[in-house]
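A.B. asks: My structure is in coords.csv, and what it holds is CSV, C-alpha atoms:
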```
chain,number,residue,atom,x,y,z
A,1,MET,CA,97.9,127.7,96.9
A,2,GLY,CA,94.5,127.3,98.5
A,3,ASN,CA,92.6,126.4,95.3
A,4,TYR,CA,94.6,123.4,94.4
A,5,PHE,CA,95.8,122.2,97.9
A,6,GLY,CA,92.4,122.7,99.5
A,7,GLY,CA,91.3,119.1,99.6
A,8,LEU,CA,93.1,115.9,98.7
A,9,ALA,CA,95.5,117.0,95.9
A,10,TYR,CA,97.6,113.7,95.7
A,11,SER,CA,96.7,110.2,96.6
A,12,LEU,CA,99.4,108.5,94.5
A,13,GLY,CA,101.7,111.2,93.2
A,14,ASP,CA,104.1,111.4,90.3
A,15,GLU,CA,107.5,110.7,91.9
A,16,ASP,CA,109.5,107.5,91.9
A,17,SER,CA,110.6,107.5,95.5
A,18,ARG,CA,113.2,104.8,95.0
A,19,ILE,CA,115.6,107.7,94.3
A,20,GLU,CA,115.2,109.3,97.8
A,21,ARG,CA,115.3,105.9,99.4
A,22,GLU,CA,118.7,105.2,97.9
A,23,LEU,CA,120.0,108.6,98.6
A,24,LEU,CA,119.2,108.4,102.3
A,25,PRO,CA,122.0,106.9,104.4
A,26,TYR,CA,121.0,104.0,106.6
A,27,ARG,CA,120.1,105.0,110.2
A,28,ALA,CA,120.4,108.7,109.6
A,29,SER,CA,119.8,110.7,112.8
A,30,ARG,CA,117.0,113.0,111.6
A,31,VAL,CA,115.1,113.1,108.3
A,32,LEU,CA,112.7,115.8,107.3
A,33,THR,CA,110.5,115.4,104.2
A,34,ILE,CA,107.4,116.8,102.6
A,35,ALA,CA,104.6,114.3,103.3
A,36,GLY,CA,102.7,114.3,100.0
A,37,SER,CA,100.3,111.4,100.2
A,38,GLY,CA,102.6,109.2,102.3
A,39,GLY,CA,103.9,107.1,99.4
A,40,ARG,CA,107.3,108.9,99.7
A,41,VAL,CA,107.4,108.4,103.5
A,42,VAL,CA,107.2,104.6,103.6
A,43,PRO,CA,110.4,104.1,101.5
A,44,LEU,CA,112.3,106.6,103.7
A,45,LEU,CA,111.2,104.8,106.8
A,46,ALA,CA,112.6,101.6,105.3
A,47,ARG,CA,116.1,103.1,105.8
A,48,ALA,CA,115.4,103.1,109.5
A,49,PRO,CA,116.3,106.7,110.4
A,50,ARG,CA,116.3,107.5,114.1
A,51,ARG,CA,113.8,110.3,113.6
A,52,LEU,CA,111.5,110.8,110.6
A,53,GLU,CA,109.3,113.9,110.3
A,54,ALA,CA,106.9,114.5,107.4
A,55,VAL,CA,105.3,117.9,107.0
A,56,ASP,CA,102.6,119.2,104.7
A,57,ILE,CA,100.4,122.4,104.6
A,58,SER,CA,97.4,120.3,103.8
A,59,PRO,CA,95.6,118.3,106.6
A,60,TRP,CA,94.2,116.1,103.8
A,61,GLN,CA,97.7,115.1,102.8
A,62,ILE,CA,98.8,114.5,106.4
A,63,ALA,CA,95.7,112.4,107.0
A,64,PHE,CA,96.5,110.3,104.0
A,65,THR,CA,100.1,109.9,105.1
A,66,ARG,CA,99.0,108.8,108.6
A,67,PHE,CA,96.6,106.4,107.0
A,68,ARG,CA,99.4,104.8,105.1
A,69,LEU,CA,101.5,104.4,108.2
A,70,ALA,CA,98.5,103.0,110.2
A,71,ALA,CA,98.0,100.4,107.4
A,72,LEU,CA,101.8,99.7,107.4
A,73,SER,CA,101.7,99.0,111.1
A,74,THR,CA,98.7,96.6,110.8
A,75,LEU,CA,98.6,94.9,107.4
A,76,ASP,CA,100.9,92.7,105.3
A,77,SER,CA,102.2,94.1,102.0
A,78,GLU,CA,99.5,92.4,99.9
A,79,GLU,CA,96.7,93.7,102.1
A,80,TYR,CA,98.3,97.1,102.1
A,81,ALA,CA,98.4,97.3,98.3
A,82,ARG,CA,94.8,96.1,97.9
A,83,LEU,CA,93.6,98.6,100.5
A,84,LEU,CA,95.2,101.4,98.6
A,85,GLY,CA,93.9,100.1,95.4
A,86,TYR,CA,96.8,98.7,93.5
A,87,GLY,CA,96.3,95.9,91.1
A,88,ARG,CA,93.3,94.2,89.6
A,89,GLU,CA,91.6,93.2,92.9
A,90,PRO,CA,91.5,96.4,95.0
A,91,LEU,CA,89.5,96.5,98.3
A,92,LEU,CA,86.3,98.6,97.7
A,93,GLY,CA,83.0,99.3,99.3
A,94,GLU,CA,82.0,97.7,102.6
A,95,LEU,CA,85.2,95.6,102.8
A,96,ARG,CA,87.3,98.7,102.6
A,97,HIS,CA,85.1,100.6,105.0
A,98,LYS,CA,85.5,97.8,107.7
A,99,LEU,CA,89.3,97.8,107.3
A,100,ILE,CA,89.5,101.6,107.5
A,101,THR,CA,87.4,101.5,110.7
A,102,ALA,CA,89.7,98.9,112.2
A,103,LEU,CA,92.9,100.9,111.6
A,104,PRO,CA,94.6,102.7,114.5
A,105,LEU,CA,93.8,106.3,113.3
A,106,LEU,CA,93.3,109.6,115.0
A,107,ASP,CA,89.6,110.6,114.9
A,108,ALA,CA,90.4,113.6,112.7
A,109,ASP,CA,92.3,111.5,110.2
A,110,ARG,CA,89.6,108.8,110.2
A,111,SER,CA,87.0,111.5,109.4
A,112,LEU,CA,88.9,112.7,106.4
A,113,ILE,CA,89.7,109.3,105.1
A,114,GLY,CA,86.1,108.3,105.7
A,115,GLU,CA,85.0,111.3,103.7
A,116,VAL,CA,87.1,110.2,100.8
A,117,HIS,CA,85.7,106.7,101.0
A,118,ARG,CA,82.1,107.8,101.1
A,119,ALA,CA,82.6,110.1,98.1
A,120,HIS,CA,84.3,107.3,96.1
A,121,PRO,CA,83.2,103.9,97.6
A,122,GLU,CA,83.9,102.0,94.4
A,123,THR,CA,87.1,103.9,93.4
A,124,PRO,CA,90.5,102.7,94.5
A,125,LEU,CA,91.9,105.1,97.0
A,126,ILE,CA,95.1,105.9,95.1
A,127,TYR,CA,92.9,107.4,92.3
A,128,THR,CA,90.9,109.8,94.5
A,129,GLY,CA,93.3,112.8,94.6
A,130,LYS,CA,92.8,115.8,92.3
A,131,PHE,CA,96.0,115.0,90.4
A,132,GLU,CA,95.1,111.3,89.9
A,133,LYS,CA,91.5,112.2,88.7
A,134,THR,CA,93.1,114.4,86.1
A,135,LEU,CA,95.4,111.7,84.9
A,136,LYS,CA,92.4,109.4,84.6
A,137,ARG,CA,90.6,112.0,82.4
A,138,PHE,CA,93.8,112.4,80.4
A,139,SER,CA,93.9,108.6,79.9
A,140,SER,CA,90.4,108.5,78.6
A,141,ILE,CA,91.4,111.0,75.9
A,142,ILE,CA,94.6,109.1,75.1
A,143,ARG,CA,92.8,105.8,74.8
A,144,ALA,CA,90.1,107.3,72.6
A,145,VAL,CA,92.7,108.7,70.2
A,146,LEU,CA,95.1,105.8,70.1
A,147,GLY,CA,92.7,102.9,70.6
A,148,ASN,CA,94.1,99.4,70.7
A,149,HIS,CA,97.7,100.6,70.1
A,150,ILE,CA,97.8,101.4,73.9
A,151,LEU,CA,96.9,97.8,74.8
A,152,GLU,CA,99.4,96.4,72.4
A,153,LEU,CA,102.1,98.7,73.9
A,154,PHE,CA,101.4,97.4,77.4
A,155,GLU,CA,101.6,93.8,76.3
A,156,ILE,CA,105.3,94.2,75.3
A,157,THR,CA,107.8,92.7,77.8
A,158,ASP,CA,111.1,93.4,76.0
A,159,LEU,CA,112.6,96.9,75.7
A,160,SER,CA,114.0,96.3,72.1
A,161,GLU,CA,110.6,95.1,71.0
A,162,GLN,CA,109.0,98.2,72.5
A,163,HIS,CA,111.5,100.4,70.5
A,164,ALA,CA,110.5,98.5,67.3
A,165,PHE,CA,106.8,98.9,68.0
A,166,LEU,CA,107.1,102.6,68.6
A,167,GLN,CA,109.1,103.1,65.4
A,168,SER,CA,106.9,100.9,63.1
A,169,ARG,CA,103.4,100.5,64.4
A,170,PHE,CA,102.7,103.3,67.0
A,171,PRO,CA,100.6,106.2,65.7
A,172,ARG,CA,103.3,108.9,66.3
A,173,LYS,CA,101.4,111.8,64.6
A,174,ARG,CA,98.4,111.3,66.9
A,175,TRP,CA,100.7,110.9,69.9
A,176,LYS,CA,102.3,114.3,69.1
A,177,LEU,CA,98.9,115.9,68.9
A,178,LEU,CA,98.1,114.5,72.3
A,179,VAL,CA,101.4,115.8,73.8
A,180,GLY,CA,100.7,119.2,72.4
A,181,LEU,CA,97.2,119.3,73.9
A,182,LEU,CA,97.8,117.7,77.3
A,183,GLY,CA,101.2,119.3,77.9
A,184,ASN,CA,99.8,122.8,77.3
A,185,ALA,CA,100.3,125.1,80.3
A,186,THR,CA,97.0,126.8,79.8
A,187,PHE,CA,95.2,123.5,79.7
A,188,LEU,CA,97.0,122.1,82.8
A,189,ASN,CA,96.4,125.3,84.7
A,190,ALA,CA,92.7,125.2,83.9
A,191,VAL,CA,91.9,121.6,84.5
A,192,LEU,CA,94.4,120.7,87.3
A,193,TYR,CA,96.1,123.5,89.1
A,194,LYS,CA,93.3,126.1,89.2
A,195,GLY,CA,95.6,129.0,88.3
A,196,GLU,CA,98.5,127.8,90.5
A,197,PHE,CA,100.6,125.9,88.0
A,198,PRO,CA,104.2,127.0,88.5
A,199,LYS,CA,105.3,129.2,85.6
A,200,LYS,CA,107.8,127.6,83.3
A,201,ASN,CA,111.3,129.1,83.2
A,202,ARG,CA,113.1,126.2,81.6
A,203,PRO,CA,114.3,126.9,78.0
A,204,GLY,CA,112.2,125.3,75.2
A,205,SER,CA,108.5,125.1,74.5
A,206,HIS,CA,106.1,123.0,76.6
A,207,PHE,CA,105.7,120.7,73.6
A,208,ARG,CA,109.5,120.1,73.3
A,209,ILE,CA,109.9,119.5,77.0
A,210,TYR,CA,107.1,116.9,77.2
A,211,SER,CA,108.2,115.3,73.9
A,212,ASP,CA,111.7,114.8,75.4
A,213,ILE,CA,110.2,113.5,78.7
A,214,PHE,CA,108.2,110.8,76.9
A,215,HIS,CA,110.9,110.0,74.4
A,216,GLY,CA,113.3,109.4,77.3
A,217,LEU,CA,110.8,107.2,79.1
A,218,PHE,CA,110.0,105.1,76.0
A,219,GLU,CA,113.7,104.6,75.3
A,220,ARG,CA,114.7,103.3,78.7
A,221,VAL,CA,111.6,102.0,80.6
A,222,LEU,CA,109.1,99.4,79.6
A,223,VAL,CA,105.7,101.2,79.8
A,224,ARG,CA,104.3,98.5,82.2
A,225,GLU,CA,107.2,99.3,84.6
A,226,SER,CA,106.2,102.9,85.0
A,227,PHE,CA,103.2,103.6,87.3
A,228,PHE,CA,103.1,107.1,85.8
A,229,LEU,CA,102.7,105.8,82.3
A,230,GLN,CA,100.1,103.2,83.5
A,231,MET,CA,98.1,106.0,85.0
A,232,LEU,CA,98.4,108.4,82.1
A,233,MET,CA,97.7,105.8,79.3
A,234,LEU,CA,95.5,103.2,81.1
A,235,GLY,CA,93.9,105.2,83.9
A,236,GLU,CA,95.0,102.7,86.5
A,237,VAL,CA,98.1,101.0,87.9
A,238,SER,CA,97.3,97.3,87.2
A,239,TYR,CA,100.7,95.9,86.1
A,240,SER,CA,102.6,94.9,89.3
A,241,GLN,CA,106.0,95.5,87.5
A,242,GLY,CA,105.2,99.2,87.8
A,243,PHE,CA,103.9,99.4,91.4
A,244,PRO,CA,105.7,102.1,93.3
A,245,VAL,CA,108.4,101.3,95.7
A,246,GLU,CA,106.1,101.3,98.8
A,247,CYS,CA,104.6,98.0,97.4
A,248,GLU,CA,108.0,96.2,97.2
A,249,PRO,CA,107.8,93.4,99.8
A,250,GLY,CA,111.4,94.0,101.0
A,251,THR,CA,110.9,97.8,101.3
A,252,TYR,CA,107.6,97.2,103.0
A,253,ALA,CA,109.0,94.8,105.5
A,254,ARG,CA,111.9,97.0,106.4
A,255,ALA,CA,109.6,100.0,106.8
A,256,ARG,CA,107.3,98.1,109.1
A,257,SER,CA,110.2,96.9,111.2
A,258,ALA,CA,111.5,100.4,111.5
A,259,LEU,CA,108.3,101.5,113.2
A,260,GLU,CA,109.7,99.8,116.3
A,261,SER,CA,112.8,102.0,116.5
A,262,THR,CA,112.1,105.2,114.5
A,263,LYS,CA,110.5,108.1,116.1
A,264,VAL,CA,107.9,109.2,113.5
A,265,ASP,CA,106.3,112.7,113.5
A,266,ILE,CA,103.7,113.4,110.9
A,267,ARG,CA,102.2,116.9,111.2
A,268,VAL,CA,100.5,119.8,109.4
A,269,GLY,CA,103.1,122.6,108.8
A,270,ASP,CA,105.1,124.6,106.4
A,271,ILE,CA,108.4,122.7,105.6
A,272,THR,CA,110.0,126.0,104.4
A,273,GLU,CA,109.9,127.6,107.9
A,274,PHE,CA,113.5,126.5,108.5
A,275,SER,CA,114.1,129.3,111.0
A,276,LYS,CA,112.0,127.2,113.4
A,277,GLN,CA,114.3,124.2,113.0
A,278,PRO,CA,117.1,123.4,115.4
A,279,ALA,CA,120.6,124.3,114.1
A,280,ASN,CA,122.8,121.7,112.5
A,281,ASP,CA,120.2,119.0,113.1
A,282,ILE,CA,118.9,117.6,109.8
A,283,ASP,CA,120.8,114.8,108.1
A,284,PHE,CA,118.5,114.4,105.1
A,285,LEU,CA,116.0,116.9,103.7
A,286,SER,CA,113.6,115.8,100.9
A,287,LEU,CA,111.9,118.9,99.5
A,288,SER,CA,110.3,117.4,96.4
A,289,ASP,CA,109.4,120.4,94.1
A,290,VAL,CA,108.2,122.7,97.0
A,291,PRO,CA,110.6,125.5,95.9
A,292,SER,CA,108.7,125.7,92.5
A,293,PHE,CA,105.6,127.0,94.4
A,294,LEU,CA,107.5,129.7,96.2
A,295,ASP,CA,108.1,133.3,95.1
A,296,ALA,CA,111.2,133.6,92.8
A,297,ASP,CA,113.5,134.9,95.5
A,298,SER,CA,112.6,132.2,98.0
A,299,GLU,CA,112.9,129.6,95.4
A,300,GLN,CA,116.4,130.6,94.3
A,301,ASN,CA,117.7,131.1,97.8
A,302,ILE,CA,116.2,128.0,99.3
A,303,LEU,CA,119.6,126.4,100.1
A,304,SER,CA,120.8,129.5,101.9
A,305,ARG,CA,117.7,129.3,104.1
A,306,VAL,CA,118.2,125.6,104.7
A,307,ALA,CA,121.9,125.7,105.5
A,308,PRO,CA,121.7,126.6,109.3
A,309,CYS,CA,119.5,123.6,109.9
A,310,MET,CA,121.7,121.0,108.2
A,311,SER,CA,124.3,118.8,109.8
A,312,LEU,CA,127.7,118.4,108.4
A,313,ASN,CA,127.5,116.2,105.2
A,314,GLY,CA,123.7,116.4,105.5
A,315,ARG,CA,121.9,116.0,102.1
A,316,VAL,CA,119.2,118.0,100.5
A,317,VAL,CA,117.2,116.5,97.6
A,318,LEU,CA,115.4,118.9,95.2
A,319,ARG,CA,113.1,118.1,92.3
A,320,SER,CA,111.9,120.5,89.6
A,321,HIS,CA,109.6,120.0,86.7
A,322,LEU,CA,109.2,123.0,84.4
A,323,ARG,CA,111.4,125.3,86.4
A,324,THR,CA,115.2,125.4,86.6
A,325,LEU,CA,116.6,123.9,89.8
A,326,PRO,CA,117.8,126.4,92.5
A,327,PRO,CA,121.6,126.9,92.3
A,328,ILE,CA,123.7,124.9,94.7
A,329,VAL,CA,125.8,127.4,96.5
A,330,PRO,CA,128.2,127.3,99.5
A,331,PRO,CA,128.1,126.0,102.2
A,332,PHE,CA,126.7,123.2,100.0
A,333,ARG,CA,128.5,121.2,97.3
A,334,ASP,CA,126.8,119.7,94.3
A,335,ILE,CA,127.0,115.8,94.4
A,336,THR,CA,124.3,115.2,91.8
A,337,THR,CA,126.7,113.6,89.2
A,338,LYS,CA,127.7,111.1,91.8
A,339,TYR,CA,124.2,109.7,91.5
A,340,SER,CA,123.5,110.3,87.8
A,341,ASP,CA,123.1,106.5,87.1
A,342,LEU,CA,120.6,106.2,89.9
A,343,ILE,CA,118.7,109.3,88.9
A,344,ALA,CA,118.5,108.0,85.3
A,345,THR,CA,116.5,105.0,86.5
A,346,GLU,CA,113.6,107.2,87.7
A,347,THR,CA,110.5,105.8,86.1
A,348,THR,CA,108.4,109.0,85.6
A,349,ASN,CA,111.1,111.1,83.9
A,350,LEU,CA,109.1,114.2,84.9
A,351,TRP,CA,111.8,115.6,87.2
A,352,ARG,CA,115.2,117.2,87.2
A,353,ILE,CA,116.8,116.1,90.4
A,354,ALA,CA,119.6,117.8,92.3
A,355,VAL,CA,121.5,116.5,95.4
A,356,ALA,CA,123.3,119.0,97.6
A,357,GLU,CA,125.6,118.1,100.5
A,358,ARG,CA,126.4,120.4,103.4
A,359,CYS,CA,130.1,121.2,103.7
```
What do you get writing this file as structure tokens?
C.D. replies:
Amino acid sequence: MGNYFGGLAYSLGDEDSRIERELLPYRASRVLTIAGSGGRVVPLLARAPRRLEAVDISPWQIAFTRFRLAALSTLDSEEYARLLGYGREPLLGELRHKLITALPLLDADRSLIGEVHRAHPETPLIYTGKFEKTLKRFSSIIRAVLGNHILELFEITDLSEQHAFLQSRFPRKRWKLLVGLLGNATFLNAVLYKGEFPKKNRPGSHFRIYSDIFHGLFERVLVRESFFLQMLMLGEVSYSQGFPVECEPGTYARARSALESTKVDIRVGDITEFSKQPANDIDFLSLSDVPSFLDADSEQNILSRVAPCMSLNGRVVLRSHLRTLPPIVPPFRDITTKYSDLIATETTNLWRIAVAERC
């Protein structure tokens, strides 16, 4: 995975981390999660676990995660959002540089974040990852093809009105052409994943899968309430209704307060090396879609490898995009349906999510 994950792969990401926040019991003893860019760590911290560990194979992702937590410890929620680049008044240039310099960061992390800043001094930080740059390129194509229809769509504030607009005035034929182009595996592999795009094993064509994803989103979510749709169609997250959960004042305040009581460990490492974890110690494990990037045997047997590390009733949350989810086998039980209503509120609709509980 060196081509894609060599450098800052994600600065914002494509997961609605409200789901993991709600699935994590309050004051769990030990939480282990993939770090990503840190946006998924802040909501977990808001649940005040006694110990929170975030692991990633990329020092860039770890630096970005530590950067978020340093900002969390120092700034109020509005300053935090502006520093990261949310909204219409992001901190850029010299103002951002001064704030980065003032944050309590390790020298190695400050160096990497400084490198991102110097390379993109006038670009909001949340748009500097490889994935986010690709979404911005996609958005320029979408806006060129759909024109003012995109702006009209984002001005709608009522879901029934959105349905009516999509049925009567939205250029659906042009939209289907875009889904066929941008959802093509060869295209994604070439422009984003550099040959490391996980091979699809879900039934149905790429076109059908992505058509269903967007149909489901348009049916149940106002486009301005989805940061993913804002990125994909506008090239930025400017409508506050769609800001990720890390920007919610209540979540932010609880996460900041938890820094006083939660032991936080953010480190470079391989989250799948479960043999190095203490036995029966993890209460909550958030794997994102890491299994999709493993070999087929490791992917399908991920829960068997996890089992010795999990506490009784400990939960594992798995996500998968174009691949089938690993089977939930003993000593785990599948409790996904218990949270089907919650999972249905996920505002990207890119993921199939499973929740397993250790018996």
A.B. asks: Around (96.3, 104.1, 82.6) in the file's own coordinates, what residues are found within 12 Å if you use only C-alpha atoms, given back as a PyMOL selection string?
C.D. replies: chain A and resi 87+127+132-143+150-151+153-154+223-224+226-239+242
A.B. asks: From the options A:Arg18, A:Arg27, A:Arg51, A:Arg169, which residue's atoms come nearest to Thr262 (chain A), counting all atoms listed in the file?
C.D. replies: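 When distances to Thr262 (chain A) are compared using all atoms listed in the file, the smallest one comes from A:Arg51.
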A.B. asks: In Å, how far is it from CA of Asp341 (chain A) to CA of Glu22 (chain A)?
C.D. replies: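 Going from CA of Asp341 (chain A) over to CA of Glu22 (chain A) covers 11.7 Å.
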A.B. asks: Record the distance separating CA of Ala71 (chain A) and CA of Thr348 (chain A), expressed in Å with one decimal.
C.D. replies: 25.6 Å
A.B. asks: To one decimal place in Å, what is the distance between CA of Ala354 (chain A) and CA of Phe284 (chain A)?
C.D. replies: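 CA of Phe284 (chain A) lies 13.3 Å from CA of Ala354 (chain A).
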A.B. asks: Just checking: using only C-alpha atoms, which residue out of A:Ala108, A:Ala307, A:Val145, A:Leu44 ends up closest to Ile328 (chain A)?
C.D. replies: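 For Ile328 (chain A), the nearest of the candidates is A:Ala307.
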A.B. asks: Could you give me, as JSON, numbers by chain, the residues that have an atom at most 12 Å away from the point (103.1, 116.6, 73.0) in the coordinates of the file, using only C-alpha atoms?
C.D. replies: {"A": [142, 172, 173, 174, 175, 176, 177, 178, 179, 180, 181, 182, 183, 184, 185, 205, 206, 207, 208, 209, 210, 211, 212, 213, 214, 215]}
A.B. asks: Excluding Pro104 (chain A) and its own-chain neighbours fewer than 4 positions away, which residues fall within 10 Å of it when counting all atoms listed in the file? Please give them as JSON, numbers by chain.
C.D. replies: {"A": [66, 67, 69, 70, 71, 73, 74, 100, 110]}
A.B. asks: For a quick check of understanding, using only C-alpha atoms, which of A:Asp109, A:Asp16, A:Asp76, A:Glu89 has the smallest distance to Gln61 (chain A)?
C.D. replies: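 Looking only at the distances to Gln61 (chain A), the closest residue turns out to be A:Asp109.
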A.B. asks: Nearest to Asn280 (chain A) among A:His149, A:Lys130, A:Arg30, A:Arg220, with distances taken over all atoms listed in the file: which residue is it?
C.D. replies: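 For Asn280 (chain A), the nearest of the given residues is A:Arg30.
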A.B. asks: For each of A:Pro291, A:Gly38, A:Pro90, A:Pro244, take the minimum atom-to-atom distance to Leu72 (chain A), counting only C-alpha atoms, then give the residue where this is smallest.
C.D. replies: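 Among the listed residues, the smallest separation from Leu72 (chain A) belongs to A:Gly38.
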A.B. asks: Quick one: of A:Asp270, A:Glu299, A:Asp56, A:Asp334, who's nearest to Arg358 (chain A), counting all atoms listed in the file?
C.D. replies: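 Of the candidates, the smallest distance to Arg358 (chain A) is held by A:Asp334.
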A.B. asks: Find the spatial neighbours of His97 (chain A), counting all atoms listed in the file, within a cut-off of 10 Å - ignore same-chain residues fewer than 3 positions away - and output them as a ChimeraX atom specification.
C.D. replies: /A:83,91-94,100-102,113-114,117-118,121
A.B. asks: Name the residues in contact with Pro308 (chain A) at a cut-off of 10 Å, using only C-alpha atoms, excluding same-chain residues fewer than 5 positions from it; report them as number ranges by chain.
C.D. replies: A: 274-275, 277-282, 303, 331, 358
A.B. asks: Can you pull out the residues contacting region 157-159 of chain A? Cut-off 6 Å, using only C-alpha atoms, and skip same-chain residues under 2 positions away; I want them as a ChimeraX atom specification.
C.D. replies: /A:161-162,222
A.B. asks: Give me the residues near Ser37 (chain A) as a list in words, where near means some atom within 8 Å (using all atoms listed in the file) and where sequence neighbours in that chain fewer than 4 positions away do not count.
C.D. replies: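 Final neighbour list, sorted by chain and number: Tyr10, Ser11, Leu12, Gly13, Gln61, Ile62, Phe64 and Thr65 of chain A.
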